[in-house]
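Undergrad: Submitted below is the structure of interest, expressed as structure tokens.
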Amino acid sequence: MVFGTVSDLMWEASYQKTFLSGDVFGWFTIPVSRAVCDVNLFAVEADKLAIAAGVRLADYQRLVYLLPQNACSGAGSNSGPSTPSRLWVTSNNHTPQMIAHELGHNFGLLHAQALECGSASYGSDCAVQNYGDPADTMGSGYVTHFNAAFKEKIGWLNANGAPAITTVTASGSYAIAPMSAATGGVRALRIPRGTDPASGEMSYYYLEYRQPTGFDATLATTGNLTKGVLVHVGGVNQTNVLLDMTPGSLASSTFADMSDAALAPGRSYSDAAAGISFTVKSADAGGALVDVTVAGQAATCTRAAPAVTLGAGASATAGSRIDYAGTLRNLDSAGCGATTFMLAANVPAGWNGSVPAASVTLSPGASAGVGLGVTSAAGAAAGTYGVGLGVASSAGGVHTAGAGSTYTVTPSSSVLPLTSAVGTDKSTYAKGEVAYISVRVLRDGTPVAGATVRTTVTLPNGSRTGLSATSGSDGYARHSLKLGKGKSAVGGYALQSEATLSGATAAATGGFVVR
């Protein structure tokens, strides 16, 4: 468990910077009554037994003690961040969440709290909810990622080699990648809101985006936490609280009310005193886009490549049309004007590609549906081909983007048309002659070249012989068969031919007589 689920969480949440390795010892029976709750005494006695068993405790920086139910009222406790650190689970609740939570304290993290302000998201008349953040292992979440401020504190964000947090000092549009994404861009925004009186340091609004992937998958069924942007207030050395962006929606329970704490697309938050406002423009599996306005800062125009998607690959027979649906989103900052994007199809040579609209005009943050129609060449061989939709604008290379998909040509479901019977140059032969056999391959009445034709000849005595040829430009595949001279050659000969091309097949039968 410690070196499994808990270590896997640390590895994912740290973006491959932290994992747990070590050893397991015990169980040890310590000489302490279950009626006693003294975690330090538990450690002293357990350490004695471990040392007596040959364990070198000095080799370990983090010590985890798992105990059965006892007099301790709390399920877990810890010694804080100093090393060697210790954590105790003093009940039968030996779960990954409990261990990860106490280990977070060993890393220097406090509880993930929430702020309940009644009908407001933030104000002076608010109550702090300990463990109130349902999207954090340090709160009431199960085994989920830590929030952005916590990750910044322990060096998993905004540190050398770690994903970035953007400090917003100017108005504009800002993209946020999902917190649980293994790769990608900025994981959070922090917007300065003034000095924190308790610490004397700058306090921030932290904006982050969760998606139900990896260890955040458990958030999929918790309100709207994966359908908008989560907003925290605080800093790395301050109390860090989650704000409710839909306050009062579940007034009967303050804890349940935080389950829809996310700021959903189309909704805004404003802090008039700090001169800050932000609006979630969009949120999907790829990330969220947020417009931020900072007082006294004119919005600047920052161009960015648009986001383009195209539907999944599809299959059809040669000569058929497939239509792909897609989306186009303008990722320019809010200070830019609307842009007209030109669209173009990208298909294999000899194919036909088209777009429903040659251009789409979008304001920053806006998106629209786009499409691509592809008709393969009638003679296209079976296989998978790449197709795509290209996007550009008069802004130049910064707006050059595209999305790809696949078109799989499948063999025709109909049988290749053949002549009504396999032909021979004569219907009756004498012994010792040569029989000339021809098979014509047609598709829709047109000769087909390049088809492989195999013909099986069944002799009068029941034995068989095989012949093979390839159809020419006239559609004919030609065989020759030297007939025997003995009595056994006399009788009827049956012909069965099969033609194949690009996975399609066709059959024909015929025969002749030897006298």
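Please note that chains go A, B, ... in the order of the structure tokens, that every chain numbers its residues from 1, and that ligands are numbered from 1 in the order shown.
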Can you pull out the residues contacting segment 345-360 of chain A? Cut-off 9 Å, using only C-alpha atoms, and skip same-chain residues under 6 positions away; I want them as a PyMOL selection string.

TA: chain A and resi 319+321+328+339+368+370-378+380+385-391+404

Undergrad: Per DSSP on the backbone, what are the helix (DSSP H, G or I) residues of segment 201-416 of chain A, as a PyMOL selection string?

TA: chain A and resi 214-221+254-260+397-399

Undergrad: Put those residues in a file: all heavy atoms, as a tab-separated table (two decimals), in the first residue's frame.

TA:
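Generated file (part.tsv):
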chain	number	residue	atom	x	y	z
A	214	GLY	N	-6.30	9.90	-14.06
A	214	GLY	CA	-5.31	9.54	-13.06
A	214	GLY	C	-5.95	9.47	-11.68
A	214	GLY	O	-7.07	8.98	-11.51
A	215	PHE	N	-5.24	9.96	-10.67
A	215	PHE	CA	-5.77	9.92	-9.31
A	215	PHE	C	-6.90	10.93	-9.09
A	215	PHE	O	-7.58	10.87	-8.07
A	215	PHE	CB	-4.64	10.15	-8.30
A	215	PHE	CG	-3.86	8.90	-8.01
A	215	PHE	CD1	-2.71	8.61	-8.73
A	215	PHE	CD2	-4.27	8.02	-7.04
A	215	PHE	CE1	-2.00	7.45	-8.47
A	215	PHE	CE2	-3.57	6.85	-6.78
A	215	PHE	CZ	-2.42	6.56	-7.50
A	216	ASP	N	-7.12	11.84	-10.03
A	216	ASP	CA	-8.27	12.74	-9.93
A	216	ASP	C	-9.54	12.13	-10.50
A	216	ASP	O	-10.59	12.79	-10.55
A	216	ASP	CB	-7.97	14.07	-10.64
A	216	ASP	CG	-7.24	15.06	-9.74
A	216	ASP	OD1	-7.11	14.76	-8.54
A	216	ASP	OD2	-6.80	16.12	-10.22
A	217	ALA	N	-9.47	10.87	-10.94
A	217	ALA	CA	-10.66	10.23	-11.53
A	217	ALA	C	-11.81	10.15	-10.54
A	217	ALA	O	-12.98	10.17	-10.92
A	217	ALA	CB	-10.30	8.83	-12.04
A	218	THR	N	-11.49	10.08	-9.24
A	218	THR	CA	-12.55	9.98	-8.23
A	218	THR	C	-13.38	11.26	-8.14
A	218	THR	O	-14.46	11.25	-7.55
A	218	THR	CB	-11.95	9.68	-6.85
A	218	THR	OG1	-11.00	10.70	-6.51
A	218	THR	CG2	-11.25	8.34	-6.86
A	219	LEU	N	-12.90	12.36	-8.74
A	219	LEU	CA	-13.66	13.62	-8.69
A	219	LEU	C	-14.78	13.66	-9.72
A	219	LEU	O	-15.58	14.59	-9.72
A	219	LEU	CB	-12.71	14.80	-8.92
A	219	LEU	CG	-11.55	14.96	-7.93
A	219	LEU	CD1	-10.69	16.16	-8.32
A	219	LEU	CD2	-12.08	15.12	-6.52
A	220	ALA	N	-14.84	12.68	-10.60
A	220	ALA	CA	-15.81	12.69	-11.70
A	220	ALA	C	-17.24	12.78	-11.21
A	220	ALA	O	-18.10	13.37	-11.87
A	220	ALA	CB	-15.63	11.47	-12.59
A	221	THR	N	-17.52	12.20	-10.05
A	221	THR	CA	-18.89	12.16	-9.55
A	221	THR	C	-19.12	13.13	-8.40
A	221	THR	O	-20.12	13.03	-7.69
A	221	THR	CB	-19.22	10.74	-9.07
A	221	THR	OG1	-18.26	10.33	-8.09
A	221	THR	CG2	-19.18	9.76	-10.24
A	254	THR	N	-22.75	22.61	4.70
A	254	THR	CA	-21.62	23.43	4.24
A	254	THR	C	-20.57	22.57	3.53
A	254	THR	O	-19.93	23.03	2.59
A	254	THR	CB	-20.98	24.16	5.42
A	254	THR	OG1	-20.62	23.21	6.44
A	254	THR	CG2	-21.92	25.18	6.02
A	255	PHE	N	-20.38	21.31	3.96
A	255	PHE	CA	-19.41	20.46	3.29
A	255	PHE	C	-19.90	20.09	1.89
A	255	PHE	O	-19.15	20.15	0.92
A	255	PHE	CB	-19.14	19.19	4.12
A	255	PHE	CG	-18.09	19.38	5.17
A	255	PHE	CD1	-18.45	19.74	6.46
A	255	PHE	CD2	-16.75	19.23	4.88
A	255	PHE	CE1	-17.49	19.92	7.45
A	255	PHE	CE2	-15.77	19.41	5.85
A	255	PHE	CZ	-16.14	19.77	7.14
A	256	ALA	N	-21.19	19.71	1.78
A	256	ALA	CA	-21.73	19.36	0.47
A	256	ALA	C	-21.74	20.57	-0.46
A	256	ALA	O	-21.60	20.42	-1.68
A	256	ALA	CB	-23.13	18.79	0.62
A	257	ASP	N	-21.90	21.76	0.12
A	257	ASP	CA	-21.95	22.98	-0.70
A	257	ASP	C	-20.67	23.18	-1.48
A	257	ASP	O	-20.67	23.79	-2.55
A	257	ASP	CB	-22.22	24.18	0.20
A	257	ASP	CG	-22.72	25.38	-0.59
A	257	ASP	OD1	-23.21	25.19	-1.71
A	257	ASP	OD2	-22.61	26.51	-0.08
A	258	MET	N	-19.54	22.66	-0.97
A	258	MET	CA	-18.26	22.84	-1.66
A	258	MET	C	-18.09	21.85	-2.82
A	258	MET	O	-17.12	21.96	-3.56
A	258	MET	CB	-17.11	22.66	-0.67
A	258	MET	CG	-17.10	23.66	0.48
A	258	MET	SD	-17.16	25.40	-0.04
A	258	MET	CE	-15.62	25.54	-0.93
A	259	SER	N	-19.01	20.92	-2.98
A	259	SER	CA	-18.87	19.95	-4.07
A	259	SER	C	-19.09	20.58	-5.43
A	259	SER	O	-18.73	20.00	-6.45
A	259	SER	CB	-19.84	18.78	-3.87
A	259	SER	OG	-21.18	19.21	-4.01
A	260	ASP	N	-19.71	21.77	-5.48
A	260	ASP	CA	-19.85	22.48	-6.75
A	260	ASP	C	-19.11	23.82	-6.66
A	260	ASP	O	-19.60	24.86	-7.10
A	260	ASP	CB	-21.32	22.68	-7.12
A	260	ASP	CG	-22.10	23.49	-6.10
A	260	ASP	OD1	-21.52	23.85	-5.06
A	260	ASP	OD2	-23.28	23.78	-6.35
A	397	GLY	N	2.45	32.60	-39.35
A	397	GLY	CA	2.78	31.29	-38.80
A	397	GLY	C	2.23	31.02	-37.43
A	397	GLY	O	1.96	29.86	-37.08
A	398	VAL	N	2.03	32.05	-36.60
A	398	VAL	CA	1.52	31.83	-35.25
A	398	VAL	C	0.13	31.22	-35.25
A	398	VAL	O	-0.28	30.55	-34.30
A	398	VAL	CB	1.52	33.16	-34.46
A	398	VAL	CG1	0.48	34.13	-35.01
A	398	VAL	CG2	1.30	32.92	-32.98
A	399	HIS	N	-0.62	31.42	-36.34
A	399	HIS	CA	-1.97	30.87	-36.43
A	399	HIS	C	-2.03	29.64	-37.32
A	399	HIS	O	-3.12	29.20	-37.71
A	399	HIS	CB	-2.93	31.93	-36.97
A	399	HIS	CG	-3.48	32.84	-35.90
A	399	HIS	ND1	-4.20	33.96	-36.18
A	399	HIS	CD2	-3.41	32.77	-34.55
A	399	HIS	CE1	-4.54	34.57	-35.06
A	399	HIS	NE2	-4.06	33.85	-34.06

Undergrad: What's around segment 331-338 of chain A at 12 Å? Count only C-alpha atoms, leave out sequence neighbours fewer than 4 positions away in its own chain, and write the answer as a PyMOL selection string.

TA: chain A and resi 170-176+278-282+287-293+297-308+360-367+393-395+398-399+401

Undergrad: Residues at most 8 Å from Val168 of chain A, counting only C-alpha atoms, excluding those fewer than 3 positions away in the same chain, as an NGL selection string?

TA: :A and (171 or 189-192)

Undergrad: Interatomic distance between atom CA of Gly311 of chain A and atom CA of Gly379 of chain A?

TA: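 Rounded to one decimal, the two atoms are 24.7 Å apart.
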
Undergrad: Between A:Thr222, A:Thr446, A:Ser119, A:Ser480, which has the minimum distance to Ser140 of chain A (counting only C-alpha atoms)?

TA: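 Residue with the minimum atom-to-atom distance to Ser140 of chain A: A:Thr222.
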
Undergrad: Please give the complete set of residues from segment 16-132 of chain A that DSSP, run on the backbone, assigns to strand (DSSP E or B), formatted as a list in words.

TA: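 So the strand (DSSP E or B) residues in segment 16-132 of chain A would be Arg62, Leu63, Val64, Tyr65, Leu66, Gly76, Ser77, Asn78, Ser85, Arg86, Leu87, Trp88, Val89, Gln113, Ala114, Leu115, Glu116, Cys117, Ala120, Ala127, Val128 and Gln129 of chain A.
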
Undergrad: Could you jot down the atom CA of Gly194 of chain A to atom CA of Ser14 of chain A separation for me, Å, one decimal place?

TA: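 That distance, rounded to one decimal, is 28.7 Å.
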
Undergrad: Can you pull out the residues contacting Lys431 of chain A? Cut-off 12 Å, using only C-alpha atoms, and skip same-chain residues under 4 positions away; I want them as a list in words.

TA: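 So the residues in contact are Ala435, Leu481, Lys482, Leu483, Gly484, Lys485, Gly486, Lys487, Ser488, Ala489, Val490, Gly491, Val513, Val514 and Arg515 of chain A.
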
Undergrad: Which residues are close to Thr309 of chain A, i.e. within 6 Å by only C-alpha atoms, leaving aside same-chain residues fewer than 5 positions away? Reply as number ranges by chain.

TA: A: 326-327, 403

Undergrad: Filtering to all heavy atoms, could you give me those residues as a PDB file, in the first residue's frame?

TA:
ATOM      1  N   GLY A 326     -15.461  18.487 -36.340  1.00  0.00           N
ATOM      2  CA  GLY A 326     -14.367  18.970 -35.510  1.00  0.00           C
ATOM      3  C   GLY A 326     -14.707  20.283 -34.853  1.00  0.00           C
ATOM      4  O   GLY A 326     -15.830  20.800 -34.977  1.00  0.00           O
ATOM      5  N   THR A 327     -13.754  20.833 -34.133  1.00  0.00           N
ATOM      6  CA  THR A 327     -13.928  22.131 -33.477  1.00  0.00           C
ATOM      7  C   THR A 327     -12.699  22.996 -33.715  1.00  0.00           C
ATOM      8  O   THR A 327     -11.591  22.479 -33.926  1.00  0.00           O
ATOM      9  CB  THR A 327     -14.134  21.982 -31.956  1.00  0.00           C
ATOM     10  OG1 THR A 327     -12.981  21.349 -31.381  1.00  0.00           O
ATOM     11  CG2 THR A 327     -15.370  21.157 -31.646  1.00  0.00           C
ATOM     12  N   ALA A 403      -5.333  19.518 -37.555  1.00  0.00           N
ATOM     13  CA  ALA A 403      -5.711  18.301 -36.843  1.00  0.00           C
ATOM     14  C   ALA A 403      -5.836  17.183 -37.864  1.00  0.00           C
ATOM     15  O   ALA A 403      -6.212  17.421 -39.019  1.00  0.00           O
ATOM     16  CB  ALA A 403      -7.024  18.485 -36.087  1.00  0.00           C
TER      17      ALA A 403
END

Undergrad: Ranking A:Leu109, A:Leu57, A:Ala318, A:Ala164 by minimum distance to Asn237 of chain A and counting only C-alpha atoms, which one comes first?

TA: A:Leu109

Undergrad: Any idea what the distance is between atom CA of Lys227 of chain A and atom CA of Phe146 of chain A?

TA: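 Between atom CA of Lys227 of chain A and atom CA of Phe146 of chain A the gap is 17.8 Å.
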
Undergrad: Applying 8 Å and only C-alpha atoms, which residues near Ala477 of chain A remain after dropping the ones on its own chain fewer than 6 positions away? List them as a PyMOL selection string.

TA: chain A and resi 438-441+453+469-471
